[in-house]
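Student: Structure incoming, see below.
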2 protein chains.
Amino acid sequence: MPIDNNPLESNPYRGTRDFYPKNSIINWTDTISDQHKRNYIFSCFRKTLEANGFSEYSSSIIETQEAFLAKSGDELGSNQLYAFTDKGNRNIALRPELTLSVARMVANKLNNLRLPLRWYSIDNCFRYERPQKSRMREFWQCEVNIIGLPAGDVDLEALRLAVEIFKDFNASPEMYTIMYNHRGLLDRWVNINGWQDQQIKLFKILDDWFKVNIDTKSQSLVNLLGQASADKVINTVNQQGHDWQEYLTLAKEFPELNLILEVIPQLYPDISIIFTPAIIRGQAYYTGLIWEAFDNNKNNPRSLFGGGRFDDLLGLYGQSVPAIGFAPGEAPIHEFMENWNLYPTNSQSMETVGIMPQSSHDLTKIFSEIVPEIIKEGKTFDIDYDYHRNTDKRYEKLKKRGCGQIIKL
Amino acid sequence: MPIDNNPLESNPYRGTRDFYPKNSIINWTDTISDQHKRNYIFSCFRKTLEANGFSEYSSSIIETQEAFLAKSGDELGSNQLYAFTDKGNRNIALRPELTLSVARMVANKLNNLRLPLRWYSIDNCFRYERPQKSRMREFWQCEVNIIGLPAGDVDLEALRLAVEIFKDFNASPEMYTIMYNHRGLLDRWVNINGWQDQQIKLFKILDDWFKVNIDTKSQSLVNLLGQASADKVINTVNQQGHDWQEYLTLAKEFPELNLILEVIPQLYPDISIIFTPAIIRGQAYYTGLIWEAFDNNKNNPRSLFGGGRFDDLLGLYGQSVPAIGFAPGEAPIHEFMENWNLYPTNSQSMETVGIMPQSSHDLTKIFSEIVPEIIKEGKTFDIDYDYHRNTDKRYEKLKKRGCGQIIKL
């Protein structure tokens, strides 16, 4: 080892984070560490999903470049992809999302799988972009899917699960809003109104609806569709009059939407779950029901996660299989938890017992009697070996390291 | 999406695995799935380590190439490294092991850390090599370290922990052997015997001791050191006569070794924990105590994991900090578990209740009354939406999907 060389850079790779245990850091002011917060979010996902009949799978972070390019020709496919060539000249990529991997896994064993599948995975992804707060190059997602059932009553089950996710975080109804829509319905609405040629631009305006002020939106709509159609769109988004009734009537052509409109208000009378044409979901691969969950925090009213039905994606691997799902990310959920103060005040559940031997001669007793007893009581321990220091200093040190009880030999 | 194109390849990237949930696969013969097995191993690691005072940290899979090349100029540094250039022209690598990352993390916050640190991490690594059973390109390790204490009584704590790891896997003493040695002692032994010029070759012979038959080893030693020294080495490894006593006498110069020789047999009278010159540990960075754990399985007597003291590694980042640790891998532990039949027969702890609605009208009741009740009882559920099929077929389907109890509406 070239110890004499210049020291190596010790910062983490740009856009990635190091997660330190809380109790190791001097003057740590947070109640729990980033590592514990992340583990807490993951454990809430696991708890909710396992309880609701979902099973965990996982796959490698490496997929082929070809697959991501086939899925989307957009920025994700080209600019933002961590794309490399391995030593065997394979064009590989670090996955930018988790949906393609599950599509591949299902396609690979399709004849041996008992459909429908209720699967989830919690794993990391990479995107090459300018790192920002809660938008890092490496990030974690929980991918949740029901695979093998076409549009129908199962769509209610999937949307319901997106609501249930919030419950295990102890989020109360005033903290979040869920909005939903339907891609097939949007297409019908565009068609009967004759907006086909303006569809892409119209969807862009609707997609940005809650980020843009009303005057700007109105002007864009008037420019794009003329005054009458602009009014119609605005009335529909505002759930007003005949225009909104027309949208609701079209919705009845989609039985899963019909069921959701009826049942969701009964299941969640206190939660804001809003049916609106102003949810679009950028990704081209959605084919039916779509939804998005938002943080109600006034200072940070960001999208928390979205989902929907994607019946064509698995076709990339040869055979179409219908699917519906969503993928909450750790970073936006983390901000939501911080904003609303939802983290438990102390997730370090184990009490630490400090042990102060007087010399090496005490170690046999410590490891054969004292430590097994501490562990049996569900506690953990910390041993101080500074035999030469005075007792008060050693005591104080163990206290500072988080030991409640201290055993002096 | 170019659905019309040739279908994409659905096999996982060479040298990586897909982990499927058990209950999804038709005719799955194993009692639990690979995903559950891996989770079980990880949960045993976590349980043992948290109980023994260790805290979890984590870091990104990406590190700089420079760091790995500085650590070792060997095959790991060059041929086997997944080395790439990112879009910002940074030379990055997927980590081939976890020790360098923790060294970097500690160096990065050294002035703010409460030493000693008892830290662990469970994460994935990549090595570009020909994939073999239990030696894949992507693999998982549990990195365990005590950082900030020089050689001393803490070395006993570290070695003890390597034994404790086996206990939570329910491994009994006949299943494994732990062997230990000391790098400083080896150097002393070589020096007083005048073998300095033959040291590298001698260490190679000792490192392969349990893989090579005695005649071959003897001949190699005679060729290297002459008959008298060859006899001395063999006697020492066989713990025989004056030669072994000489090795034991030299060992007493190292207080931590002295303590371990005295205490370990008292703590673990039933477990084979053997002090021997035939443990070398290839990595150049070990500086003191070293150990290795072996599977006693006659058909597969492989090394399970090794560890030791590495007081110089952190110096790569500027300031030396003493450290000791080990890193059991998921793949060798998995083989050990399979060989000795140590996996629990059913880690799928939750009972699944099948639900058979007659129509969409039952769904409000299911999601508002039945499902919450099932979850409250610690069970999970599976809903069948095939209203048009006959009841017997639907019942049979839910049974095959693993439902014990079935609720018919």
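Following the order of the structure tokens, chains are lettered A, B, ..., residues in each are numbered from 1, and ligands are numbered from 1.
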What are the residues of chain A that have an atom within 7 Å of an atom of chain B, counting only C-alpha atoms, as a PyMOL selection string?

Tutor: chain A and resi 1-3+7-11+13+16-21+24-26+35+50-53+55-60+62-63+67+70-72+84+104-105+107-108+112-114+117+153+263+267+315-318+360+364+368+375+379-382

Student: For those residues, write C-alpha atoms to a file as a compact mmCIF listing (two decimals), in the first residue's frame.

Tutor:
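Wrote selection.txt, looks like this:
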# COMPACT_ATOMS: atom_id res chain seq x y z
CA MET A 1 0.00 0.00 0.00
CA PRO A 2 1.49 3.32 -1.07
CA ILE A 3 1.02 5.00 2.29
CA PRO A 7 -4.05 10.67 0.80
CA LEU A 8 -7.10 9.45 -1.11
CA GLU A 9 -10.24 11.60 -1.36
CA SER A 10 -12.61 10.61 1.44
CA ASN A 11 -15.85 12.24 0.29
CA TYR A 13 -18.91 9.73 -4.89
CA THR A 16 -24.30 9.39 -3.29
CA ARG A 17 -24.60 9.46 0.49
CA ASP A 18 -22.83 7.80 3.41
CA PHE A 19 -25.18 6.66 6.16
CA TYR A 20 -23.54 6.93 9.60
CA PRO A 21 -24.83 5.31 12.78
CA SER A 24 -20.92 7.27 16.65
CA ILE A 25 -21.05 10.96 15.87
CA ILE A 26 -20.05 13.59 18.42
CA GLN A 35 -29.36 4.86 8.55
CA GLU A 50 -46.39 -8.31 3.57
CA ALA A 51 -49.60 -7.73 5.54
CA ASN A 52 -51.43 -7.08 2.27
CA GLY A 53 -50.31 -10.26 0.55
CA SER A 55 -43.94 -11.11 -1.49
CA GLU A 56 -40.42 -9.73 -1.76
CA TYR A 57 -38.15 -10.45 -4.74
CA SER A 58 -34.91 -8.86 -5.87
CA SER A 59 -32.65 -8.57 -8.86
CA SER A 60 -29.25 -7.19 -9.75
CA ILE A 62 -27.06 -4.30 -13.60
CA GLU A 63 -29.36 -4.62 -16.63
CA ALA A 67 -33.62 -2.76 -22.35
CA ALA A 70 -36.20 0.10 -25.72
CA LYS A 71 -38.39 1.20 -22.82
CA SER A 72 -37.95 4.90 -23.34
CA PHE A 84 -20.97 1.22 -19.39
CA ARG A 104 -37.69 -9.12 -17.24
CA MET A 105 -37.93 -11.52 -14.28
CA ALA A 107 -40.90 -12.78 -18.72
CA ASN A 108 -37.99 -15.11 -17.92
CA ASN A 112 -43.66 -21.33 -14.30
CA LEU A 113 -45.34 -18.50 -12.46
CA ARG A 114 -48.68 -18.60 -10.69
CA LEU A 117 -48.24 -12.06 -8.78
CA ASP A 153 -61.48 -4.90 -9.68
CA VAL A 263 -65.90 2.38 -3.32
CA LEU A 267 -63.33 3.18 2.34
CA GLY A 315 -44.38 -7.18 -24.24
CA LEU A 316 -40.83 -5.86 -24.69
CA TYR A 317 -39.73 -9.33 -23.60
CA GLY A 318 -41.99 -11.14 -26.06
CA SER A 360 -7.88 -8.60 31.11
CA THR A 364 -13.67 -14.50 30.77
CA SER A 368 -19.20 -16.12 29.67
CA ILE A 375 -28.30 -10.17 25.48
CA LYS A 379 -30.12 -5.29 25.66
CA THR A 380 -26.79 -4.68 23.99
CA PHE A 381 -23.39 -3.70 25.43
CA ASP A 382 -20.29 -1.55 25.05

Student: Excluding Ile280 in chain A and any residue of its chain fewer than 3 positions from it, enumerate the residues within 12 Å of it, using only C-alpha atoms, and give them as a ChimeraX atom specification.

Tutor: /A:179-187,199-210,275-277,283-292,306-308

Student: Mind pulling up the distance from CA of Gly325 in chain A to CA of Gln198 in chain A?

Tutor: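 Interatomic distance, CA of Gln198 in chain A to CA of Gly325 in chain A: 28.7 Å.
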
Student: In range 60-223 of chain B, what's strand (DSSP E or B) per DSSP? Answer as a PyMOL selection string?

Tutor: chain B and resi 62-64+82-85+91-94+113+117-126+132+135+138-147+176-182

Student: Would you compute the distance between CA of Gln358 in chain A and CA of Ile324 in chain B? Give it in Å to one decimal.

Tutor: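 Value for the CA of Gln358 in chain A-CA of Ile324 in chain B distance: 22.4 Å.
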
Student: What separation in Å, quoted to one decimal, exists between CA of Ser121 in chain A and CA of Phe68 in chain A?

Tutor: 18.6 Å
